[in-house]
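Engineer: Next comes coords-v2.pdb, PDB, C-alpha atoms:
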```
ATOM      1  CA  MET A   1     -17.011  10.813 -36.859  1.00  0.00           C
ATOM      2  CA  GLU A   2     -14.084  10.017 -34.604  1.00  0.00           C
ATOM      3  CA  GLN A   3     -13.587  12.127 -31.510  1.00  0.00           C
ATOM      4  CA  VAL A   4     -10.058  12.644 -30.231  1.00  0.00           C
ATOM      5  CA  LEU A   5      -9.607  13.485 -26.579  1.00  0.00           C
ATOM      6  CA  ASP A   6      -6.567  15.296 -25.265  1.00  0.00           C
ATOM      7  CA  GLU A   7      -4.758  13.726 -22.339  1.00  0.00           C
ATOM      8  CA  PRO A   8      -5.153  15.715 -19.144  1.00  0.00           C
ATOM      9  CA  GLU A   9      -2.030  17.587 -18.152  1.00  0.00           C
ATOM     10  CA  VAL A  10       0.013  16.096 -15.367  1.00  0.00           C
ATOM     11  CA  SER A  11       1.832  18.174 -12.771  1.00  0.00           C
ATOM     12  CA  VAL A  12       5.502  17.274 -12.951  1.00  0.00           C
ATOM     13  CA  ASP A  13       5.872  18.319  -9.306  1.00  0.00           C
ATOM     14  CA  VAL A  14       3.196  15.864  -8.170  1.00  0.00           C
ATOM     15  CA  VAL A  15       4.682  13.028 -10.228  1.00  0.00           C
ATOM     16  CA  SER A  16       8.145  13.775  -8.801  1.00  0.00           C
ATOM     17  CA  ALA A  17       6.779  13.825  -5.263  1.00  0.00           C
ATOM     18  CA  MET A  18       5.029  10.487  -5.803  1.00  0.00           C
ATOM     19  CA  ARG A  19       8.186   8.895  -7.162  1.00  0.00           C
ATOM     20  CA  HIS A  20      10.255  10.270  -4.300  1.00  0.00           C
ATOM     21  CA  LEU A  21       7.790   8.921  -1.723  1.00  0.00           C
ATOM     22  CA  ALA A  22       7.715   5.536  -3.457  1.00  0.00           C
ATOM     23  CA  GLN A  23      11.511   5.336  -3.353  1.00  0.00           C
ATOM     24  CA  GLN A  24      11.292   5.909   0.401  1.00  0.00           C
ATOM     25  CA  GLY A  25       8.843   3.022   0.802  1.00  0.00           C
ATOM     26  CA  ALA A  26       5.570   4.942   0.994  1.00  0.00           C
ATOM     27  CA  SER A  27       2.284   3.070   1.069  1.00  0.00           C
ATOM     28  CA  VAL A  28      -0.404   3.440  -1.584  1.00  0.00           C
ATOM     29  CA  ARG A  29      -2.394   5.529   0.894  1.00  0.00           C
ATOM     30  CA  GLN A  30       0.536   7.917   1.367  1.00  0.00           C
ATOM     31  CA  LEU A  31       0.937   8.231  -2.393  1.00  0.00           C
ATOM     32  CA  ALA A  32      -2.788   8.851  -2.822  1.00  0.00           C
ATOM     33  CA  GLU A  33      -2.786  11.480  -0.074  1.00  0.00           C
ATOM     34  CA  CYS A  34       0.116  13.206  -1.811  1.00  0.00           C
ATOM     35  CA  VAL A  35      -1.910  13.547  -5.008  1.00  0.00           C
ATOM     36  CA  GLN A  36      -5.106  14.519  -3.211  1.00  0.00           C
ATOM     37  CA  SER A  37      -3.495  17.197  -1.058  1.00  0.00           C
ATOM     38  CA  ARG A  38      -1.348  18.737  -3.795  1.00  0.00           C
ATOM     39  CA  LEU A  39      -4.215  18.902  -6.274  1.00  0.00           C
ATOM     40  CA  GLY A  40      -6.960  19.692  -3.767  1.00  0.00           C
ATOM     41  CA  LEU A  41      -8.937  16.597  -4.745  1.00  0.00           C
ATOM     42  CA  LYS A  42     -11.836  15.145  -2.823  1.00  0.00           C
ATOM     43  CA  PRO A  43     -11.073  11.770  -1.220  1.00  0.00           C
ATOM     44  CA  ASP A  44     -13.271   9.964  -3.772  1.00  0.00           C
ATOM     45  CA  ALA A  45     -11.779  11.577  -6.907  1.00  0.00           C
ATOM     46  CA  LEU A  46     -10.911   8.312  -8.616  1.00  0.00           C
ATOM     47  CA  TRP A  47     -10.008   9.225 -12.180  1.00  0.00           C
ATOM     48  CA  GLN A  48      -7.476  11.929 -11.345  1.00  0.00           C
ATOM     49  CA  LEU A  49      -5.857   9.698  -8.749  1.00  0.00           C
ATOM     50  CA  LEU A  50      -5.734   6.741 -11.117  1.00  0.00           C
ATOM     51  CA  TRP A  51      -4.310   8.934 -13.889  1.00  0.00           C
ATOM     52  CA  TYR A  52      -1.461  10.115 -11.649  1.00  0.00           C
ATOM     53  CA  PHE A  53      -0.584   6.582 -10.550  1.00  0.00           C
ATOM     54  CA  MET A  54      -0.532   5.484 -14.184  1.00  0.00           C
ATOM     55  CA  LYS A  55       1.662   8.383 -15.275  1.00  0.00           C
ATOM     56  CA  ALA A  56       4.018   8.418 -12.289  1.00  0.00           C
ATOM     57  CA  PHE A  57       4.721   4.680 -12.373  1.00  0.00           C
ATOM     58  CA  HIS A  58       4.042   3.791 -16.017  1.00  0.00           C
ATOM     59  CA  LEU A  59       1.126   1.548 -15.084  1.00  0.00           C
ATOM     60  CA  SER A  60      -1.457   0.235 -17.489  1.00  0.00           C
ATOM     61  CA  LEU A  61      -5.120   0.831 -16.752  1.00  0.00           C
ATOM     62  CA  ALA A  62      -5.427  -2.805 -15.685  1.00  0.00           C
ATOM     63  CA  ASP A  63      -2.521  -2.389 -13.248  1.00  0.00           C
ATOM     64  CA  GLY A  64      -4.096   0.704 -11.713  1.00  0.00           C
ATOM     65  CA  LEU A  65      -7.696  -0.433 -11.464  1.00  0.00           C
ATOM     66  CA  PRO A  66      -7.373  -1.995  -7.995  1.00  0.00           C
ATOM     67  CA  ILE A  67      -7.312   1.610  -6.736  1.00  0.00           C
ATOM     68  CA  ARG A  68     -10.971   1.838  -7.756  1.00  0.00           C
ATOM     69  CA  GLU A  69     -11.948  -0.955  -5.371  1.00  0.00           C
ATOM     70  CA  TRP A  70      -9.697   0.294  -2.570  1.00  0.00           C
ATOM     71  CA  LEU A  71     -10.598   3.996  -2.573  1.00  0.00           C
ATOM     72  CA  GLY A  72     -12.772   4.784   0.424  1.00  0.00           C
ATOM     73  CA  THR A  73     -11.857   1.625   2.323  1.00  0.00           C
ATOM     74  CA  ALA A  74      -9.306   0.779   4.991  1.00  0.00           C
ATOM     75  CA  ASN A  75      -7.885  -2.239   3.116  1.00  0.00           C
ATOM     76  CA  ASP A  76      -4.365  -0.845   2.991  1.00  0.00           C
ATOM     77  CA  LYS A  77      -2.556  -4.176   3.300  1.00  0.00           C
ATOM     78  CA  GLU A  78      -4.431  -5.563   0.295  1.00  0.00           C
ATOM     79  CA  ILE A  79      -3.858  -2.555  -1.962  1.00  0.00           C
ATOM     80  CA  ASP A  80      -0.201  -2.332  -0.955  1.00  0.00           C
ATOM     81  CA  ALA A  81       0.261  -6.027  -1.777  1.00  0.00           C
ATOM     82  CA  LEU A  82      -1.328  -5.502  -5.193  1.00  0.00           C
ATOM     83  CA  MET A  83       0.121  -2.144  -6.200  1.00  0.00           C
ATOM     84  CA  LEU A  84       3.542  -1.743  -4.604  1.00  0.00           C
ATOM     85  CA  PRO A  85       5.231  -4.516  -6.617  1.00  0.00           C
ATOM     86  CA  ALA A  86       4.040  -2.831  -9.843  1.00  0.00           C
ATOM     87  CA  ILE A  87       5.246   0.569  -8.613  1.00  0.00           C
ATOM     88  CA  GLN A  88       8.717  -0.575  -7.656  1.00  0.00           C
TER
END
```
So, in terms of structure tokens, how does the structure I just supplied come out?
Structural biologist:
Amino acid sequence: MEQVLDEPEVSVDVVSAMRHLAQQGASVRQLAECVQSRLGLKPDALWQLLWYFMKAFHLSLADGLPIREWLGTANDKEIDALMLPAIQ
């Protein structure tokens, strides 16, 4: 039997805020903090954060997965170098 999962709903306001910040040159950390604060997420809430990056910037799972390795670290230069070109 095949199970079909519904996609989680995405807050249009959060996606708009992320896109606006990105247009202003925000870092990945600033974008992540936007999602976390607006949704009340814990700092290690990976899947919701990844989902919002994918939806806001039309990223594939492969494009977004570096967030998994970065979350909880201070390697901002590395994640910005990996993610910002895909976001812009």
Engineer: Rounded to one decimal place, report the CA of Glu9 (chain A)-CA of Leu61 (chain A) distance in Å.
Structural biologist: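 That distance, rounded to one decimal, is 17.1 Å.
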Engineer: Considering all atoms listed in the file, state which residue in the set A:Asp13, A:Asp80, A:Leu39, A:Cys34 is at the smallest distance from Ile67 (chain A).
Structural biologist: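 So, comparing all the options, the nearest one is A:Asp80.
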Engineer: Between A:Glu33, A:Ala62, A:Trp70, A:Ala56, which residue has the minimum interatomic distance to Ser16 (chain A), considering only C-alpha atoms?
Structural biologist: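 Between A:Glu33, A:Ala62, A:Trp70, A:Ala56, the residue approaching Ser16 (chain A) most closely is A:Ala56.
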Engineer: Using only C-alpha atoms, pick whichever of A:Val15, A:Leu49, A:Ile79, A:Met54 has the shortest atom-to-atom distance to Ala32 (chain A).
Structural biologist: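 Of A:Val15, A:Leu49, A:Ile79, A:Met54, the one nearest Ala32 (chain A), counting only C-alpha atoms, is A:Leu49.
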Engineer: Just the residues within 12 Å of Leu46 (chain A), please, counting all atoms listed in the file, with nothing from its chain fewer than 6 positions along; format it as a list in words.
Structural biologist: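 Close residues of Leu46 (chain A): Ala32, Val35, Gln36, Tyr52, Phe53, Gly64, Leu65, Pro66, Ile67, Arg68, Glu69, Trp70, Leu71 and Gly72 of chain A.
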Engineer: CA of Asp76 (chain A) to CA of Gln30 (chain A): how many Å, to one decimal?
Structural biologist: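 We find that CA of Asp76 (chain A) and CA of Gln30 (chain A) lie 10.2 Å from each other.
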Engineer: Quick one: pull the distance between CA of Asn75 (chain A) and CA of Pro8 (chain A), Å, one decimal.
Structural biologist: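 Between CA of Asn75 (chain A) and CA of Pro8 (chain A) the gap works out to 28.7 Å.
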Engineer: Just want the 10 Å neighbourhood of Asp63 (chain A), counted on only C-alpha atoms, with same-chain residues fewer than 6 positions away dropped. Output as a ChimeraX atom specification.
Structural biologist: /A:50,53-54,82-83,86-87
Engineer: Can you give me N, CA and C atoms for region 57-73 of chain A, written as a short mmCIF file (atom, residue, chain, number, x, y, z; two decimals), in the coordinates of the input?
Structural biologist:
```cif
data_model
loop_
_atom_site.label_atom_id
_atom_site.label_comp_id
_atom_site.auth_asym_id
_atom_site.auth_seq_id
_atom_site.Cartn_x
_atom_site.Cartn_y
_atom_site.Cartn_z
N PHE A 57 4.07 5.98 -12.47
CA PHE A 57 4.72 4.68 -12.37
C PHE A 57 4.57 3.83 -13.64
N HIS A 58 4.16 4.46 -14.72
CA HIS A 58 4.04 3.79 -16.02
C HIS A 58 3.18 2.53 -15.92
N LEU A 59 2.04 2.67 -15.25
CA LEU A 59 1.13 1.55 -15.08
C LEU A 59 0.11 1.52 -16.20
N SER A 60 -0.34 0.35 -16.56
CA SER A 60 -1.46 0.24 -17.49
C SER A 60 -2.74 0.48 -16.70
N LEU A 61 -3.83 0.66 -17.42
CA LEU A 61 -5.12 0.83 -16.75
C LEU A 61 -5.43 -0.39 -15.90
N ALA A 62 -5.17 -1.57 -16.43
CA ALA A 62 -5.43 -2.80 -15.68
C ALA A 62 -4.61 -2.86 -14.40
N ASP A 63 -3.36 -2.40 -14.44
CA ASP A 63 -2.52 -2.39 -13.25
C ASP A 63 -3.04 -1.42 -12.19
N GLY A 64 -3.63 -0.33 -12.64
CA GLY A 64 -4.10 0.70 -11.71
C GLY A 64 -5.51 0.52 -11.19
N LEU A 65 -6.29 -0.30 -11.85
CA LEU A 65 -7.70 -0.43 -11.46
C LEU A 65 -7.96 -0.92 -10.05
N PRO A 66 -7.09 -1.65 -9.39
CA PRO A 66 -7.37 -2.00 -8.00
C PRO A 66 -7.60 -0.76 -7.10
N ILE A 67 -7.08 0.38 -7.50
CA ILE A 67 -7.31 1.61 -6.74
C ILE A 67 -8.80 1.90 -6.66
N ARG A 68 -9.53 1.60 -7.71
CA ARG A 68 -10.97 1.84 -7.76
C ARG A 68 -11.69 1.10 -6.63
N GLU A 69 -11.30 -0.15 -6.41
CA GLU A 69 -11.95 -0.96 -5.37
C GLU A 69 -11.48 -0.57 -3.97
N TRP A 70 -10.27 -0.06 -3.86
CA TRP A 70 -9.70 0.29 -2.57
C TRP A 70 -10.15 1.65 -2.07
N LEU A 71 -10.30 2.62 -2.95
CA LEU A 71 -10.60 4.00 -2.57
C LEU A 71 -11.82 4.05 -1.67
N GLY A 72 -11.68 4.67 -0.52
CA GLY A 72 -12.77 4.78 0.42
C GLY A 72 -12.85 3.64 1.43
N THR A 73 -11.88 2.74 1.38
CA THR A 73 -11.86 1.62 2.32
C THR A 73 -10.62 1.75 3.22
#
```
